[in-house]
file run.cif (mmCIF, C-alpha atoms and all ligand atoms)
data_target
#
loop_
_atom_site.group_PDB
_atom_site.id
_atom_site.type_symbol
_atom_site.label_atom_id
_atom_site.label_comp_id
_atom_site.auth_asym_id
_atom_site.auth_seq_id
_atom_site.Cartn_x
_atom_site.Cartn_y
_atom_site.Cartn_z
ATOM 1 C CA MET D 225 -155.359 12.059 -124.270
ATOM 2 C CA ASP D 226 -151.752 13.086 -124.798
ATOM 3 C CA ASP D 227 -151.540 16.531 -126.431
ATOM 4 C CA THR D 228 -148.662 15.586 -128.689
ATOM 5 C CA ILE D 229 -150.543 12.622 -130.088
ATOM 6 C CA SER D 230 -153.792 14.530 -130.568
ATOM 7 C CA SER D 231 -151.936 17.209 -132.523
ATOM 8 C CA LEU D 232 -151.179 14.663 -135.227
ATOM 9 C CA PRO D 233 -153.775 13.995 -137.918
ATOM 10 C CA ARG D 234 -153.413 10.243 -137.424
ATOM 11 C CA PRO D 235 -151.043 8.020 -135.483
ATOM 12 C CA SER D 236 -150.218 6.089 -138.629
ATOM 13 C CA ARG D 237 -149.924 7.177 -142.223
ATOM 14 C CA ARG D 238 -149.899 4.742 -145.069
ATOM 15 C CA ALA D 239 -147.315 4.716 -147.782
ATOM 16 C CA ALA D 240 -148.748 5.878 -151.078
ATOM 17 C CA ARG D 241 -147.331 5.302 -154.520
ATOM 18 C CA ASP D 242 -144.057 6.745 -155.640
ATOM 19 C CA TYR D 243 -142.444 7.641 -152.316
ATOM 20 C CA ARG D 244 -145.357 9.592 -150.953
ATOM 21 C CA TRP D 245 -147.244 9.133 -147.682
ATOM 22 C CA ASP D 246 -150.852 9.830 -146.762
ATOM 23 C CA GLN D 247 -151.282 13.257 -145.161
ATOM 24 C CA VAL D 248 -147.668 14.178 -145.772
ATOM 25 C CA GLU D 249 -147.302 17.253 -147.908
ATOM 26 C CA VAL D 250 -144.665 17.433 -150.647
ATOM 27 C CA ARG D 251 -142.927 20.745 -150.053
ATOM 28 C CA PRO D 252 -140.322 22.806 -151.787
ATOM 29 C CA TYR D 253 -136.842 21.977 -150.566
ATOM 30 C CA LYS D 254 -135.981 25.357 -149.038
ATOM 31 C CA GLU D 255 -137.441 28.758 -148.520
ATOM 32 C CA ASP D 256 -133.937 30.151 -148.225
ATOM 33 C CA GLU D 257 -133.371 32.323 -151.294
ATOM 34 C CA ARG D 258 -129.608 32.380 -150.768
ATOM 35 C CA ALA D 259 -129.258 28.688 -151.377
ATOM 36 C CA LEU D 260 -128.372 27.137 -154.709
ATOM 37 C CA PHE D 261 -130.079 23.816 -155.352
ATOM 38 C CA LYS D 262 -131.836 22.072 -158.171
ATOM 39 C CA LYS D 263 -134.811 19.713 -158.481
ATOM 40 C CA VAL D 264 -135.278 18.760 -154.823
ATOM 41 C CA SER D 265 -138.487 18.081 -152.878
ATOM 42 C CA ARG D 266 -138.975 17.612 -149.144
ATOM 43 C CA GLN D 267 -141.482 15.692 -147.030
ATOM 44 C CA ILE D 268 -141.533 15.917 -143.240
ATOM 45 C CA LEU D 269 -142.376 12.396 -142.062
ATOM 46 C CA PHE D 270 -142.014 12.868 -138.312
ATOM 47 C CA SER D 271 -141.965 16.138 -136.407
ATOM 48 C CA ASP D 272 -143.447 16.600 -132.969
ATOM 49 C CA PRO D 273 -142.801 18.953 -130.056
ATOM 50 C CA ALA D 274 -142.153 15.896 -127.886
ATOM 51 C CA LEU D 275 -139.394 14.656 -130.218
ATOM 52 C CA SER D 276 -135.955 16.225 -130.272
ATOM 53 C CA SER D 277 -135.343 15.022 -133.814
ATOM 54 C CA GLU D 278 -137.198 15.077 -137.115
ATOM 55 C CA LEU D 279 -137.249 12.577 -139.950
ATOM 56 C CA ARG D 280 -137.591 13.920 -143.481
ATOM 57 C CA TYR D 281 -137.602 12.391 -146.945
ATOM 58 C CA PHE D 282 -135.804 14.324 -149.639
ATOM 59 C CA GLU D 283 -135.882 13.503 -153.281
ATOM 60 C CA VAL D 284 -133.414 14.873 -155.796
ATOM 61 C CA GLU D 285 -134.537 14.431 -159.402
ATOM 62 C CA ALA D 286 -132.117 13.068 -161.976
ATOM 63 C CA GLY D 287 -129.398 15.632 -162.557
ATOM 64 C CA GLY D 288 -130.363 17.625 -159.451
ATOM 65 C CA PHE D 289 -128.459 18.453 -156.281
ATOM 66 C CA SER D 290 -128.996 19.684 -152.725
ATOM 67 C CA THR D 291 -127.441 22.844 -151.312
ATOM 68 C CA LEU D 292 -123.731 22.792 -150.545
ATOM 69 C CA GLU D 293 -123.736 23.862 -146.891
ATOM 70 C CA ARG D 294 -122.457 23.282 -143.383
ATOM 71 C CA HIS D 295 -123.873 23.824 -139.901
ATOM 72 C CA GLU D 296 -123.456 22.818 -136.299
ATOM 73 C CA HIS D 297 -126.263 20.245 -136.330
ATOM 74 C CA MET D 298 -125.748 16.769 -137.762
ATOM 75 C CA HIS D 299 -127.511 14.654 -140.344
ATOM 76 C CA ALA D 300 -128.039 10.898 -140.379
ATOM 77 C CA VAL D 301 -129.041 9.806 -143.872
ATOM 78 C CA MET D 302 -130.254 6.563 -145.442
ATOM 79 C CA VAL D 303 -130.701 6.183 -149.180
ATOM 80 C CA LEU D 304 -134.236 4.984 -149.918
ATOM 81 C CA ARG D 305 -134.449 5.403 -153.680
ATOM 82 C CA GLY D 306 -132.042 5.311 -156.593
ATOM 83 C CA ARG D 307 -128.436 6.293 -156.396
ATOM 84 C CA GLY D 308 -126.129 9.231 -156.667
ATOM 85 C CA GLU D 309 -123.104 10.808 -155.069
ATOM 86 C CA CYS D 310 -122.431 12.746 -151.931
ATOM 87 C CA LEU D 311 -119.740 15.042 -150.661
ATOM 88 C CA VAL D 312 -119.057 14.970 -146.922
ATOM 89 C CA GLY D 313 -116.041 17.008 -145.897
ATOM 90 C CA ARG D 314 -113.460 16.171 -148.539
ATOM 91 C CA GLU D 315 -114.841 12.743 -149.276
ATOM 92 C CA VAL D 316 -116.832 12.081 -152.445
ATOM 93 C CA ARG D 317 -118.729 8.783 -152.467
ATOM 94 C CA ASN D 318 -121.116 6.946 -154.698
ATOM 95 C CA ILE D 319 -124.232 6.142 -152.709
ATOM 96 C CA GLU D 320 -126.740 3.412 -153.365
ATOM 97 C CA LEU D 321 -129.921 1.977 -151.947
ATOM 98 C CA HIS D 322 -129.815 1.622 -148.141
ATOM 99 C CA ASP D 323 -126.363 3.157 -147.752
ATOM 100 C CA LEU D 324 -125.947 5.243 -144.602
ATOM 101 C CA VAL D 325 -124.261 8.634 -144.486
ATOM 102 C CA ILE D 326 -123.337 10.612 -141.382
ATOM 103 C CA VAL D 327 -122.727 14.332 -141.726
ATOM 104 C CA PRO D 328 -120.759 15.535 -138.676
ATOM 105 C CA PRO D 329 -121.037 19.085 -137.315
ATOM 106 C CA TRP D 330 -119.512 21.895 -139.396
ATOM 107 C CA THR D 331 -118.822 19.632 -142.363
ATOM 108 C CA TRP D 332 -119.496 20.713 -145.959
ATOM 109 C CA HIS D 333 -121.997 18.392 -147.580
ATOM 110 C CA GLN D 334 -124.017 18.008 -150.752
ATOM 111 C CA PHE D 335 -126.077 15.243 -152.356
ATOM 112 C CA ARG D 336 -126.368 14.726 -156.102
ATOM 113 C CA ALA D 337 -128.579 12.397 -158.114
ATOM 114 C CA GLY D 338 -127.037 10.675 -161.102
ATOM 115 C CA ALA D 339 -128.010 11.747 -164.608
ATOM 116 C CA GLY D 340 -130.419 8.858 -165.121
ATOM 117 C CA GLU D 341 -132.393 8.396 -161.919
ATOM 118 C CA PRO D 342 -133.615 10.214 -158.815
ATOM 119 C CA LEU D 343 -131.919 10.006 -155.441
ATOM 120 C CA GLY D 344 -134.278 9.735 -152.464
ATOM 121 C CA PHE D 345 -133.099 9.640 -148.883
ATOM 122 C CA LEU D 346 -134.315 9.741 -145.314
ATOM 123 C CA CYS D 347 -132.625 12.405 -143.222
ATOM 124 C CA MET D 348 -132.737 12.511 -139.444
ATOM 125 C CA VAL D 349 -131.951 15.908 -137.982
ATOM 126 C CA ASN D 350 -132.211 17.846 -134.718
ATOM 127 C CA ALA D 351 -135.613 19.469 -134.326
ATOM 128 C CA ARG D 352 -133.929 22.639 -133.040
ATOM 129 C CA ARG D 353 -131.058 23.492 -135.284
ATOM 130 C CA ASP D 354 -128.831 26.290 -136.473
ATOM 131 C CA LYS D 355 -129.126 27.950 -139.862
ATOM 132 C CA PRO D 356 -126.842 26.511 -142.545
ATOM 133 C CA GLN D 357 -123.798 28.415 -143.742
ATOM 134 C CA LEU D 358 -123.161 28.644 -147.469
ATOM 135 C CA PRO D 359 -119.620 28.552 -148.859
ATOM 136 C CA THR D 360 -117.816 31.804 -149.584
ATOM 137 C CA PRO D 361 -115.726 32.040 -152.773
ATOM 138 C CA ALA D 362 -112.688 31.358 -150.574
ATOM 139 C CA ASP D 363 -114.340 28.231 -149.115
ATOM 140 C CA LEU D 364 -115.111 26.987 -152.633
ATOM 141 C CA ALA D 365 -111.552 27.624 -153.794
ATOM 142 C CA GLU D 366 -110.296 25.649 -150.801
ATOM 143 C CA LEU D 367 -112.670 22.770 -151.519
ATOM 144 C CA ARG D 368 -111.719 22.715 -155.195
ATOM 145 C CA LYS D 369 -108.047 22.140 -154.365
ATOM 146 C CA ASP D 370 -109.017 18.503 -154.019
ATOM 147 C CA GLU D 371 -109.418 17.033 -157.493
ATOM 148 C CA SER D 372 -112.273 14.672 -156.652
ATOM 149 C CA VAL D 373 -114.149 17.433 -154.848
ATOM 150 C CA ALA D 374 -113.626 19.805 -157.796
ATOM 151 C CA ARG D 375 -115.045 17.170 -160.139
ATOM 152 C CA PHE D 376 -118.013 16.596 -157.838
ATOM 153 C CA LEU D 377 -118.774 20.313 -157.608
ATOM 154 C CA GLY D 378 -118.717 20.583 -161.377
ATOM 155 C CA GLY D 379 -118.446 23.660 -163.562
ATOM 156 C CA SER D 380 -117.950 27.134 -162.123
ATOM 157 C CA GLU D 381 -121.416 28.160 -163.313
ATOM 158 C CA GLU D 382 -123.093 25.876 -160.791
ATOM 159 C CA GLN D 383 -121.264 26.585 -157.539
ATOM 160 C CA ARG D 384 -120.252 30.114 -156.852
HETATM 161 MN MN MN G 1 -127.527 20.147 -144.225
#

call {"tool": "encode", "arguments": {"input": "run.cif", "output": "structure tokens"}}
result
Amino acid sequence: MDDTISSLPRPSRRAARDYRWDQVEVRPYKEDERALFKKVSRQILFSDPALSSELRYFEVEAGGFSTLERHEHMHAVMVLRGRGECLVGREVRNIELHDLVIVPPWTWHQFRAGAGEPLGFLCMVNARRDKPQLPTPADLAELRKDESVARFLGGSEEQR
């Protein structure tokens, strides 16, 4: 039998209620203490030594947001639940069910759920990847020069 297959608990995992999957653990979003985020969970749907990418499901609760960060590796995202907003580079967009978002290398990005509902999304990412960079005060000041980005980032208490 193929080692990579036998290392998995099961070749298929059923969807459970409420955006959960059998044998898939709901984890905290990040172990990185430097990172500012709020109300985000993470599930690793596919990860295998034989795959060069991973597929994860992230869920941002209403009013929550992911870390504002950038890195060399890319993300390919599809919205699977609810709606919200994202920042990619200097572009702020409303995102809805089944929208696709590409995050190119070295591009600042953040995902926010709206006030009234969660935002859940699939995120494909390189299995081997570099550690994210967080914005310096100078980076934030540069980002905030754009009015729509400043509005997206919100009050100075949240993003410093
Ligand atoms: Mn990222």

call {"tool": "residues_near_ligand", "arguments": {"input": "run.cif", "ligand": "ligand MN 1 (chain G)", "cutoff": "10 Å", "atoms": "all atoms listed in the file", "output": "list of chain:residue names"}}
result
D:Ser290, D:Thr291, D:Leu292, D:Glu293, D:Arg294, D:His295, D:Glu296, D:His297, D:Met298, D:His299, D:Val327, D:Pro328, D:Pro329, D:Trp330, D:Thr331, D:Trp332, D:His333, D:Gln334, D:Phe335, D:Cys347, D:Val349, D:Asp354, D:Lys355, D:Pro356, D:Gln357

call {"tool": "residues_around", "arguments": {"input": "run.cif", "residues": "Glu320 of chain D", "least_positions_apart": "2", "cutoff": "8 Å", "atoms": "all atoms listed in the file", "output": "PyMOL selection string"}}
result
chain D and resi 303+305-308+318+322-323

call {"tool": "residues_around", "arguments": {"input": "run.cif", "residues": "segment 247-249 of chain D", "least_positions_apart": "4", "cutoff": "8 Å", "atoms": "all atoms listed in the file", "output": "JSON, numbers by chain"}}
result
{"D": [233, 237, 267, 268, 269]}

call {"tool": "atom_distance", "arguments": {"input": "run.cif", "atom1": "atom CA of Lys369 of chain D", "atom2": "atom CA of Arg314 of chain D"}}
result
9.9 Å

call {"tool": "resolve_selection", "arguments": {"input": "run.cif", "expression": "the PyMOL selection byres (((chain D and resi 367) around 12) and not hetatm)", "output": "count of residues only"}}
result
31

call {"tool": "resolve_selection", "arguments": {"input": "run.cif", "expression": "the PyMOL selection byres (((chain D and resi 259) around 9) and not hetatm)", "output": "mmCIF file with C-alpha atoms, in the frame of the given file"}}
result
data_model
loop_
_atom_site.group_PDB
_atom_site.id
_atom_site.type_symbol
_atom_site.label_atom_id
_atom_site.label_comp_id
_atom_site.auth_asym_id
_atom_site.auth_seq_id
_atom_site.Cartn_x
_atom_site.Cartn_y
_atom_site.Cartn_z
ATOM 1 C CA LYS D 254 -135.981 25.357 -149.038
ATOM 2 C CA GLU D 255 -137.441 28.758 -148.520
ATOM 3 C CA ASP D 256 -133.937 30.151 -148.225
ATOM 4 C CA GLU D 257 -133.371 32.323 -151.294
ATOM 5 C CA ARG D 258 -129.608 32.380 -150.768
ATOM 6 C CA LEU D 260 -128.372 27.137 -154.709
ATOM 7 C CA PHE D 261 -130.079 23.816 -155.352
ATOM 8 C CA THR D 291 -127.441 22.844 -151.312
ATOM 9 C CA LEU D 292 -123.731 22.792 -150.545
ATOM 10 C CA GLU D 293 -123.736 23.862 -146.891
ATOM 11 C CA LEU D 358 -123.161 28.644 -147.469
#

call {"tool": "atom_distance", "arguments": {"input": "run.cif", "atom1": "atom CA of Leu275 of chain D", "atom2": "atom CA of Asn350 of chain D"}}
result
9.1 Å

call {"tool": "closest_residue", "arguments": {"input": "run.cif", "among": "D:Asp242, D:Met302, D:Met348, D:Ile326", "to": "Phe270 of chain D", "atoms": "only C-alpha atoms"}}
result
D:Met348

call {"tool": "residues_near_point", "arguments": {"input": "run.cif", "point": "(-132.8, 19.2, -152.5)", "cutoff": "6 Å", "atoms": "only C-alpha atoms", "output": "MDAnalysis selection string"}}
result
chainID D and resid 253 264:265 284 289:290

call {"tool": "atom_distance", "arguments": {"input": "run.cif", "atom1": "atom CA of Glu341 of chain D", "atom2": "atom CA of Glu278 of chain D"}}
result
26.1 Å

call {"tool": "closest_residue", "arguments": {"input": "run.cif", "among": "D:Arg234, D:Gly288, D:Lys263, D:Ser277", "to": "Arg251 of chain D", "atoms": "all atoms listed in the file"}}
result
D:Lys263

call {"tool": "axis_aligned_box", "arguments": {"input": "run.cif", "around": "segment 293-311 of chain D", "padding_each_side": "4 Å", "output": "AutoDock Vina command-line options"}}
result
--center_x -127.1 --center_y 14.4 --center_z -146.5 --size_x 22.7 --size_y 26.9 --size_z 28.4
